[in-house]
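Dropping coords10.cif in here (mmCIF, C-alpha atoms):
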```
data_target
loop_
_atom_site.group_PDB
_atom_site.id
_atom_site.type_symbol
_atom_site.label_atom_id
_atom_site.label_comp_id
_atom_site.auth_asym_id
_atom_site.auth_seq_id
_atom_site.Cartn_x
_atom_site.Cartn_y
_atom_site.Cartn_z
ATOM 1 C CA MET A 24 10.800 -40.568 -38.154
ATOM 2 C CA GLN A 25 11.925 -37.035 -37.326
ATOM 3 C CA MET A 26 8.294 -35.895 -37.265
ATOM 4 C CA ASN A 27 7.370 -38.706 -34.842
ATOM 5 C CA THR A 28 10.197 -37.664 -32.525
ATOM 6 C CA ALA A 29 9.036 -34.040 -32.707
ATOM 7 C CA VAL A 30 5.444 -35.046 -31.911
ATOM 8 C CA THR A 31 6.580 -37.226 -28.968
ATOM 9 C CA ARG A 32 8.757 -34.386 -27.631
ATOM 10 C CA SER A 33 5.913 -31.929 -28.024
ATOM 11 C CA GLN A 34 3.545 -34.271 -26.146
ATOM 12 C CA GLU A 35 6.141 -34.680 -23.398
ATOM 13 C CA ALA A 36 6.518 -30.894 -23.157
ATOM 14 C CA ILE A 37 2.728 -30.458 -22.905
ATOM 15 C CA LEU A 38 2.512 -33.138 -20.206
ATOM 16 C CA GLN A 39 5.370 -31.486 -18.303
ATOM 17 C CA THR A 40 3.697 -28.057 -18.568
ATOM 18 C CA ASN A 41 0.360 -29.460 -17.374
ATOM 19 C CA LYS A 42 2.153 -31.157 -14.465
ATOM 20 C CA VAL A 43 3.802 -27.853 -13.419
ATOM 21 C CA ILE A 44 0.455 -26.007 -13.635
ATOM 22 C CA ARG A 45 -1.417 -28.705 -11.665
ATOM 23 C CA ASN A 46 1.262 -28.953 -8.948
ATOM 24 C CA THR A 47 1.469 -25.150 -8.684
ATOM 25 C CA TYR A 48 -2.263 -24.765 -8.090
ATOM 26 C CA ILE A 49 -2.397 -27.667 -5.605
ATOM 27 C CA LEU A 50 0.529 -26.205 -3.631
ATOM 28 C CA LEU A 51 -0.904 -22.694 -3.879
ATOM 29 C CA SER A 52 -4.269 -23.883 -2.494
ATOM 30 C CA MET A 53 -2.567 -25.669 0.398
ATOM 31 C CA THR A 54 -0.358 -22.678 1.262
ATOM 32 C CA LEU A 55 -3.363 -20.329 1.102
ATOM 33 C CA ILE A 56 -5.291 -22.544 3.537
ATOM 34 C CA PHE A 57 -2.241 -22.718 5.823
ATOM 35 C CA SER A 58 -1.652 -18.951 5.715
ATOM 36 C CA GLY A 59 -5.363 -18.446 6.439
ATOM 37 C CA PHE A 60 -4.853 -20.512 9.573
ATOM 38 C CA THR A 61 -1.724 -18.583 10.632
ATOM 39 C CA ALA A 62 -3.519 -15.284 9.887
ATOM 40 C CA PHE A 63 -6.269 -16.477 12.241
ATOM 41 C CA LEU A 64 -3.574 -17.158 14.875
ATOM 42 C CA GLY A 65 -2.201 -13.660 14.295
ATOM 43 C CA VAL A 66 -5.664 -12.171 14.798
ATOM 44 C CA VAL A 67 -6.605 -14.095 17.940
ATOM 45 C CA SER A 68 -3.211 -13.539 19.557
ATOM 46 C CA SER A 69 -3.488 -9.791 18.711
ATOM 47 C CA ILE A 70 0.145 -9.494 17.661
ATOM 48 C CA GLY A 71 1.553 -5.972 17.372
ATOM 49 C CA HIS A 72 2.985 -4.231 14.317
ATOM 50 C CA GLY A 73 6.547 -4.913 15.516
ATOM 51 C CA ALA A 74 5.976 -8.685 15.654
ATOM 52 C CA ALA A 75 4.258 -8.561 12.249
ATOM 53 C CA LEU A 76 7.246 -6.707 10.760
ATOM 54 C CA VAL A 77 9.645 -9.312 12.172
ATOM 55 C CA ALA A 78 7.470 -12.134 10.735
ATOM 56 C CA ASP A 79 7.487 -10.414 7.318
ATOM 57 C CA LEU A 80 11.262 -9.856 7.486
ATOM 58 C CA VAL A 81 11.909 -13.532 8.272
ATOM 59 C CA ALA A 82 9.480 -14.591 5.502
ATOM 60 C CA ILE A 83 11.213 -12.397 2.902
ATOM 61 C CA GLY A 84 14.594 -13.706 4.110
ATOM 62 C CA ILE A 85 13.308 -17.248 3.485
ATOM 63 C CA LEU A 86 12.019 -16.230 0.028
ATOM 64 C CA TRP A 87 15.320 -14.634 -0.995
ATOM 65 C CA PHE A 88 17.917 -16.891 0.585
ATOM 66 C CA VAL A 89 16.393 -20.276 1.483
ATOM 67 C CA LEU A 90 13.670 -21.023 -1.086
ATOM 68 C CA PRO A 91 15.885 -20.684 -4.211
ATOM 69 C CA ARG A 92 18.327 -23.197 -2.657
ATOM 70 C CA THR A 93 15.632 -25.705 -1.640
ATOM 71 C CA ALA A 94 13.063 -25.301 -4.438
ATOM 72 C CA ASN A 95 14.487 -28.234 -6.414
ATOM 73 C CA SER A 96 14.305 -30.653 -3.498
ATOM 74 C CA ALA A 97 11.739 -32.012 -1.029
ATOM 75 C CA ALA A 98 12.952 -29.385 1.478
ATOM 76 C CA GLY A 99 11.241 -26.781 -0.685
ATOM 77 C CA ILE A 100 7.799 -27.858 0.582
ATOM 78 C CA PRO A 101 8.335 -27.111 4.310
ATOM 79 C CA THR A 102 10.244 -23.969 3.267
ATOM 80 C CA ILE A 103 7.314 -22.554 1.278
ATOM 81 C CA PHE A 104 4.936 -23.422 4.135
ATOM 82 C CA ALA A 105 7.216 -21.546 6.554
ATOM 83 C CA PHE A 106 7.335 -18.554 4.187
ATOM 84 C CA THR A 107 3.574 -18.415 3.591
ATOM 85 C CA GLY A 108 2.730 -19.160 7.228
ATOM 86 C CA LEU A 109 4.864 -16.253 8.451
ATOM 87 C CA LEU A 110 3.347 -13.859 5.911
ATOM 88 C CA GLY A 111 -0.134 -14.978 6.964
ATOM 89 C CA PHE A 112 0.766 -14.456 10.617
ATOM 90 C CA GLY A 113 2.111 -10.985 9.755
ATOM 91 C CA LEU A 114 -1.355 -10.016 8.490
ATOM 92 C CA GLY A 115 -2.650 -10.120 12.093
ATOM 93 C CA PRO A 116 -2.574 -6.369 12.958
ATOM 94 C CA VAL A 117 -4.059 -5.242 9.603
ATOM 95 C CA LEU A 118 -6.855 -7.816 9.848
ATOM 96 C CA ASN A 119 -7.527 -6.930 13.482
ATOM 97 C CA TYR A 120 -7.838 -3.256 12.517
ATOM 98 C CA TYR A 121 -10.307 -3.840 9.677
ATOM 99 C CA LEU A 122 -12.263 -6.491 11.613
ATOM 100 C CA ALA A 123 -12.774 -3.931 14.385
ATOM 101 C CA VAL A 124 -13.791 -1.170 11.929
ATOM 102 C CA ASN A 125 -15.938 -3.089 9.438
ATOM 103 C CA PRO A 126 -15.678 -6.911 9.200
ATOM 104 C CA SER A 127 -17.548 -7.007 5.870
ATOM 105 C CA ILE A 128 -14.596 -5.221 4.204
ATOM 106 C CA VAL A 129 -12.316 -8.165 5.028
ATOM 107 C CA MET A 130 -14.738 -10.674 3.502
ATOM 108 C CA MET A 131 -15.244 -8.451 0.459
ATOM 109 C CA ALA A 132 -11.481 -8.037 -0.072
ATOM 110 C CA LEU A 133 -11.033 -11.806 0.313
ATOM 111 C CA GLY A 134 -13.783 -12.580 -2.202
ATOM 112 C CA GLY A 135 -12.576 -9.837 -4.552
ATOM 113 C CA THR A 136 -9.020 -11.188 -4.483
ATOM 114 C CA GLY A 137 -10.305 -14.689 -5.264
ATOM 115 C CA VAL A 138 -12.393 -13.451 -8.211
ATOM 116 C CA ILE A 139 -9.522 -11.342 -9.649
ATOM 117 C CA PHE A 140 -6.972 -14.155 -9.276
ATOM 118 C CA LEU A 141 -9.218 -16.852 -10.768
ATOM 119 C CA GLY A 142 -10.348 -14.515 -13.552
ATOM 120 C CA LEU A 143 -6.816 -13.501 -14.568
ATOM 121 C CA SER A 144 -5.362 -17.000 -14.226
ATOM 122 C CA GLY A 145 -8.296 -18.407 -16.189
ATOM 123 C CA TYR A 146 -7.775 -15.728 -18.864
ATOM 124 C CA ALA A 147 -4.069 -16.559 -19.214
ATOM 125 C CA LEU A 148 -4.735 -20.325 -19.212
ATOM 126 C CA THR A 149 -7.589 -20.307 -21.734
ATOM 127 C CA THR A 150 -6.200 -17.743 -24.191
ATOM 128 C CA ARG A 151 -2.656 -19.191 -23.808
ATOM 129 C CA LYS A 152 -1.306 -15.727 -24.653
ATOM 130 C CA ASP A 153 2.372 -15.067 -24.021
ATOM 131 C CA PHE A 154 2.666 -12.307 -21.423
ATOM 132 C CA SER A 155 6.471 -12.494 -21.161
ATOM 133 C CA PHE A 156 6.606 -8.878 -22.489
ATOM 134 C CA LEU A 157 5.166 -7.782 -19.106
ATOM 135 C CA GLY A 158 8.388 -8.785 -17.269
ATOM 136 C CA GLY A 159 10.084 -5.381 -17.447
ATOM 137 C CA PHE A 160 6.846 -3.520 -16.703
ATOM 138 C CA VAL A 161 6.150 -5.630 -13.590
ATOM 139 C CA MET A 162 9.671 -5.281 -12.187
ATOM 140 C CA VAL A 163 9.975 -1.529 -12.841
ATOM 141 C CA GLY A 164 6.442 -1.050 -11.498
ATOM 142 C CA MET A 165 7.411 -2.821 -8.265
ATOM 143 C CA LEU A 166 10.471 -0.579 -7.867
ATOM 144 C CA VAL A 167 8.424 2.589 -8.460
ATOM 145 C CA VAL A 168 5.756 1.461 -5.970
ATOM 146 C CA LEU A 169 8.398 0.584 -3.371
ATOM 147 C CA GLY A 170 10.058 3.992 -3.825
ATOM 148 C CA ALA A 171 6.712 5.771 -3.463
ATOM 149 C CA ALA A 172 5.815 3.640 -0.409
ATOM 150 C CA ILE A 173 9.143 4.539 1.289
ATOM 151 C CA LEU A 174 8.470 8.225 0.654
ATOM 152 C CA ASN A 175 4.926 7.958 1.955
ATOM 153 C CA ILE A 176 6.054 6.336 5.212
ATOM 154 C CA PHE A 177 7.524 9.757 6.064
ATOM 155 C CA LEU A 178 5.151 12.052 4.118
ATOM 156 C CA ASP A 179 1.968 10.218 5.181
ATOM 157 C CA ILE A 180 -0.230 11.581 2.361
ATOM 158 C CA PRO A 181 -3.598 9.714 2.197
ATOM 159 C CA ALA A 182 -4.064 10.302 -1.567
ATOM 160 C CA MET A 183 -0.591 8.898 -2.240
ATOM 161 C CA PHE A 184 -1.409 5.868 -0.070
ATOM 162 C CA LEU A 185 -4.493 5.204 -2.219
ATOM 163 C CA ALA A 186 -2.547 5.708 -5.465
ATOM 164 C CA ILE A 187 0.121 3.242 -4.259
ATOM 165 C CA ASN A 188 -2.531 0.628 -3.449
ATOM 166 C CA ALA A 189 -4.253 1.135 -6.808
ATOM 167 C CA ALA A 190 -0.858 0.685 -8.513
ATOM 168 C CA ILE A 191 -0.219 -2.486 -6.457
ATOM 169 C CA VAL A 192 -3.513 -3.961 -7.727
ATOM 170 C CA MET A 193 -2.467 -3.277 -11.343
ATOM 171 C CA ILE A 194 1.074 -4.598 -10.909
ATOM 172 C CA MET A 195 0.006 -7.743 -9.042
ATOM 173 C CA SER A 196 -2.637 -8.405 -11.684
ATOM 174 C CA ALA A 197 0.067 -8.088 -14.350
ATOM 175 C CA PHE A 198 2.284 -10.402 -12.281
ATOM 176 C CA ILE A 199 -0.468 -13.076 -12.180
ATOM 177 C CA LEU A 200 -0.789 -12.939 -15.990
ATOM 178 C CA TRP A 201 3.006 -13.007 -16.406
ATOM 179 C CA GLU A 202 3.615 -15.911 -13.999
ATOM 180 C CA THR A 203 0.703 -18.006 -15.331
ATOM 181 C CA SER A 204 1.803 -17.434 -18.915
ATOM 182 C CA SER A 205 5.367 -18.272 -17.879
ATOM 183 C CA MET A 206 4.189 -21.704 -16.680
ATOM 184 C CA ILE A 207 2.343 -22.328 -19.968
ATOM 185 C CA HIS A 208 5.254 -21.253 -22.170
ATOM 186 C CA ASP A 209 7.919 -23.196 -20.204
ATOM 187 C CA GLY A 210 9.546 -20.140 -18.655
ATOM 188 C CA GLN A 211 8.769 -21.342 -15.143
ATOM 189 C CA THR A 212 9.341 -25.067 -14.654
ATOM 190 C CA ASN A 213 9.579 -25.130 -10.862
ATOM 191 C CA TYR A 214 6.152 -25.366 -9.258
ATOM 192 C CA ILE A 215 7.428 -24.321 -5.796
ATOM 193 C CA MET A 216 8.836 -21.029 -7.110
ATOM 194 C CA ALA A 217 5.704 -20.486 -9.225
ATOM 195 C CA ALA A 218 3.443 -21.075 -6.192
ATOM 196 C CA ALA A 219 5.575 -18.700 -4.058
ATOM 197 C CA GLY A 220 5.313 -15.943 -6.690
ATOM 198 C CA LEU A 221 1.562 -16.376 -7.099
ATOM 199 C CA PHE A 222 1.069 -16.502 -3.322
ATOM 200 C CA LEU A 223 2.919 -13.208 -2.905
ATOM 201 C CA SER A 224 0.847 -11.573 -5.646
ATOM 202 C CA ILE A 225 -2.411 -12.804 -4.039
ATOM 203 C CA LEU A 226 -1.319 -11.551 -0.621
ATOM 204 C CA ASN A 227 -0.355 -8.106 -1.970
ATOM 205 C CA LEU A 228 -3.577 -7.930 -3.984
ATOM 206 C CA PHE A 229 -5.612 -8.770 -0.877
ATOM 207 C CA GLN A 230 -3.878 -6.131 1.261
ATOM 208 C CA ALA A 231 -4.178 -3.431 -1.424
ATOM 209 C CA LEU A 232 -7.867 -4.238 -1.936
ATOM 210 C CA LEU A 233 -8.405 -4.169 1.822
ATOM 211 C CA HIS A 234 -6.876 -0.660 2.025
ATOM 212 C CA LEU A 235 -8.834 0.600 -0.996
ATOM 213 C CA LEU A 236 -12.164 -0.739 0.277
ATOM 214 C CA GLY A 237 -11.371 0.548 3.760
ATOM 215 C CA ALA A 238 -10.592 4.031 2.441
ATOM 216 C CA PHE A 239 -13.610 4.292 0.147
ATOM 217 C CA GLY A 240 -15.912 2.642 2.671
ATOM 218 C CA ASP A 241 -15.662 5.706 4.942
ATOM 219 C CA ASP A 242 -13.293 3.881 7.307
ATOM 220 C CA MET B 22 9.911 9.279 14.361
ATOM 221 C CA ASP B 23 9.012 5.866 15.652
ATOM 222 C CA TRP B 24 11.281 2.891 15.081
ATOM 223 C CA LEU B 25 8.541 0.959 13.312
ATOM 224 C CA LYS B 26 8.519 3.521 10.475
ATOM 225 C CA ILE B 27 12.300 3.380 10.180
ATOM 226 C CA GLY B 28 12.199 -0.446 10.243
ATOM 227 C CA SER B 29 9.516 -0.529 7.530
ATOM 228 C CA ALA B 30 11.458 1.945 5.375
ATOM 229 C CA LEU B 31 14.682 -0.067 5.746
ATOM 230 C CA PHE B 32 12.780 -3.258 4.876
ATOM 231 C CA MET B 33 11.427 -1.670 1.699
ATOM 232 C CA LEU B 34 14.829 -0.215 0.847
ATOM 233 C CA ALA B 35 16.302 -3.712 1.113
ATOM 234 C CA MET B 36 13.606 -4.895 -1.300
ATOM 235 C CA VAL B 37 14.540 -2.123 -3.759
ATOM 236 C CA ILE B 38 18.228 -3.103 -3.546
ATOM 237 C CA TYR B 39 17.335 -6.786 -4.040
ATOM 238 C CA LEU B 40 14.963 -6.130 -6.940
ATOM 239 C CA PHE B 41 17.046 -3.527 -8.819
ATOM 240 C CA PRO B 42 19.410 -5.904 -10.698
ATOM 241 C CA ARG B 43 16.478 -8.230 -11.465
ATOM 242 C CA ALA B 44 14.444 -5.325 -12.810
ATOM 243 C CA LYS B 45 17.397 -4.204 -14.946
ATOM 244 C CA HIS B 46 17.759 -7.745 -16.310
ATOM 245 C CA ALA B 47 14.018 -8.008 -16.988
ATOM 246 C CA VAL B 48 13.929 -4.663 -18.840
ATOM 247 C CA GLN B 49 16.930 -5.614 -20.988
ATOM 248 C CA ASN B 50 15.781 -9.170 -21.764
ATOM 249 C CA SER B 51 11.981 -9.086 -21.890
ATOM 250 C CA PRO B 52 10.565 -9.270 -25.395
ATOM 251 C CA LYS B 53 8.871 -6.117 -26.618
ATOM 252 C CA GLY B 54 5.090 -6.419 -26.773
ATOM 253 C CA SER B 55 3.154 -5.397 -29.869
ATOM 254 C CA LEU B 56 0.025 -3.216 -29.724
ATOM 255 C CA LYS B 57 -2.054 -6.426 -29.900
ATOM 256 C CA ASP B 58 -0.093 -7.894 -26.957
ATOM 257 C CA TRP B 59 -0.695 -4.772 -24.855
ATOM 258 C CA MET B 60 -4.396 -4.810 -25.731
ATOM 259 C CA GLY B 61 -4.459 -8.371 -24.381
ATOM 260 C CA TYR B 62 -3.232 -6.903 -21.077
ATOM 261 C CA VAL B 63 -5.326 -3.712 -21.071
ATOM 262 C CA LEU B 64 -8.658 -5.520 -21.541
ATOM 263 C CA PRO B 65 -8.429 -7.778 -18.436
ATOM 264 C CA MET B 66 -7.062 -4.796 -16.472
ATOM 265 C CA ALA B 67 -10.096 -2.739 -17.461
ATOM 266 C CA ALA B 68 -12.263 -5.606 -16.193
ATOM 267 C CA VAL B 69 -10.317 -5.598 -12.895
ATOM 268 C CA VAL B 70 -10.786 -1.817 -12.507
ATOM 269 C CA LEU B 71 -14.525 -2.098 -13.213
ATOM 270 C CA PHE B 72 -14.822 -4.954 -10.728
ATOM 271 C CA ILE B 73 -13.070 -2.927 -8.012
ATOM 272 C CA ILE B 74 -15.353 0.053 -8.696
ATOM 273 C CA VAL B 75 -18.332 -2.285 -8.202
ATOM 274 C CA LEU B 76 -16.824 -3.588 -4.942
ATOM 275 C CA ILE B 77 -16.258 -0.028 -3.690
ATOM 276 C CA ALA B 78 -19.863 0.859 -4.569
ATOM 277 C CA LEU B 79 -21.035 -2.159 -2.572
ATOM 278 C CA VAL B 80 -19.115 -1.222 0.594
#
```
Produce structure tokens that represent the structure in this file.
Amino acid sequence: MQMNTAVTRSQEAILQTNKVIRNTYILLSMTLIFSGFTAFLGVVSSIGHGAALVADLVAIGILWFVLPRTANSAAGIPTIFAFTGLLGFGLGPVLNYYLAVNPSIVMMALGGTGVIFLGLSGYALTTRKDFSFLGGFVMVGMLVVLGAAILNIFLDIPAMFLAINAAIVMIMSAFILWETSSMIHDGQTNYIMAAAGLFLSILNLFQALLHLLGAFGDD
Amino acid sequence: MDWLKIGSALFMLAMVIYLFPRAKHAVQNSPKGSLKDWMGYVLPMAAVVLFIIVLIALV
């Protein structure tokens, strides 16, 4: 009797986990398409760096203060679309720059990001390894990268800029493994928060790859 | 010094302040990975690095 209850509970847990994973990927796909559209708007309207910074600031404000309060309700859906749409729009100046210099870099960074994300997510999903031990590494890595990025705003050293972007690729890759494994092992049960985290890692990965390819592609 | 640089630096500083307690919590509460666990991370990362090198060579 006890064993039957345990089996039923286990099946329920597996169904719940699969539901979170499915909903996360559906929402992530939709937000990526939407942010692609807003990025296109940002490119065609040729927004400046100031407007992009404001869009990013508002998006991060939504991520920190609005999304955690709405993620457990239907209001979480429009909130995540607002967050991802603003971040996509904020990509306008960077995309405009690279499209003017070498448009193939943008397509290559986009394809590369897709391959890395699908590869890492697929790896975490198929091996079902527990990457929860990466939590501290990811968070400390983000702090170190942010500190270095603040310094480099004022120092403006090209080699440091490349090192920061290479570190971002590693940390965001670790974040994808961590977040995907967290969904499998019941750490993350909210698909809106999971999709927001994965979206942010994809966006950062794309930008870092864009800078790396731009730098090594003689541009 | 243009205001955009100062704005970007302040934005990142705010992120550091926001992330610091979360990072502290994550370091204190994350399970410690074994050598096998870390190898499970290093191998896909090596694949990512190789892939990026290929992309750079293609540019």
Inset, instruction - Please identify all polymer residues within 9 Å of B:Phe32, counting all atoms listed in the file, omitting same-chain residues fewer than 5 positions from it, and present them as number ranges by chain. - result: A: 76, 80; B: 27, 37
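Coordinates place atom CA of A:Ala172 at a distance of 7.6 Å from atom CA of A:Phe184.
Applying a distance limit of 7 Å to all atoms listed in the file, the residues of chain B near chain A read Leu25, Lys26, Ala30, Met33, Val37, Ala44, Ala47, Val48, Ser51, Pro52, Lys53, Gly54, Val69, Ile77 and Val80 of chain B.
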What would the selection look like, as a compact mmCIF listing (two decimals) with C-alpha atoms, keeping the file's coordinate frame, if the PyMOL selection byres ((chain A and resi 44) around 12) were run on the coordinates I just shared?
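Result file is out.txt:
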```txt
# COMPACT_ATOMS: atom_id res chain seq x y z
CA ILE A 37 2.73 -30.46 -22.90
CA LEU A 38 2.51 -33.14 -20.21
CA GLN A 39 5.37 -31.49 -18.30
CA THR A 40 3.70 -28.06 -18.57
CA ASN A 41 0.36 -29.46 -17.37
CA LYS A 42 2.15 -31.16 -14.46
CA VAL A 43 3.80 -27.85 -13.42
CA ARG A 45 -1.42 -28.70 -11.66
CA ASN A 46 1.26 -28.95 -8.95
CA THR A 47 1.47 -25.15 -8.68
CA TYR A 48 -2.26 -24.76 -8.09
CA ILE A 49 -2.40 -27.67 -5.60
CA LEU A 50 0.53 -26.20 -3.63
CA LEU A 51 -0.90 -22.69 -3.88
CA SER A 144 -5.36 -17.00 -14.23
CA GLY A 145 -8.30 -18.41 -16.19
CA ALA A 147 -4.07 -16.56 -19.21
CA LEU A 148 -4.74 -20.32 -19.21
CA GLU A 202 3.62 -15.91 -14.00
CA THR A 203 0.70 -18.01 -15.33
CA SER A 204 1.80 -17.43 -18.92
CA SER A 205 5.37 -18.27 -17.88
CA MET A 206 4.19 -21.70 -16.68
CA ILE A 207 2.34 -22.33 -19.97
CA HIS A 208 5.25 -21.25 -22.17
CA ASP A 209 7.92 -23.20 -20.20
CA GLY A 210 9.55 -20.14 -18.66
CA GLN A 211 8.77 -21.34 -15.14
CA THR A 212 9.34 -25.07 -14.65
CA ASN A 213 9.58 -25.13 -10.86
CA TYR A 214 6.15 -25.37 -9.26
CA ILE A 215 7.43 -24.32 -5.80
CA MET A 216 8.84 -21.03 -7.11
CA ALA A 217 5.70 -20.49 -9.22
CA ALA A 218 3.44 -21.08 -6.19
CA LEU A 221 1.56 -16.38 -7.10
```
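The space separating atom CA of A:Gly113 from atom CA of A:Thr54 comes to 14.7 Å.
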Inset, instruction - Work out how far apart atom CA of A:Ala78 and atom CA of A:Leu109 are and give it in Å to one decimal. - result: 5.4 Å
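With distances taken over all atoms listed in the file, A:Thr107 is the one residue among A:Ser68, A:Ser52, A:Ser58, A:Thr107 lying closest to A:Ala82.
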Take every atom of stretch 46-51 of chain B listed in the file, fit an axis-aligned box around them, add 4 Å per side, and give the centre and edge lengths in Å to one decimal as AutoDock Vina command-line options.
```
--center_x 14.9 --center_y -6.9 --center_z -19.1 --size_x 13.8 --size_y 12.5 --size_z 13.6
```
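With all atoms listed in the file as the atoms that count, the minimum distance from A:Ala190 to the choices A:Ala75, A:Asn227, A:Phe63, A:Ala105 is reached by A:Asn227.
Taking all atoms listed in the file into account, A:Pro91 lies nearest to A:Ala219 out of the set A:Leu228, A:Ala219, A:Val66, A:Val117.
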Legend entry - Evaluate the PyMOL selection byres ((chain A and resi 119) around 10) and report residues as a VMD selection string: chain A and resid 62 to 63 65 to 71 114 to 118 120 to 124 126 129
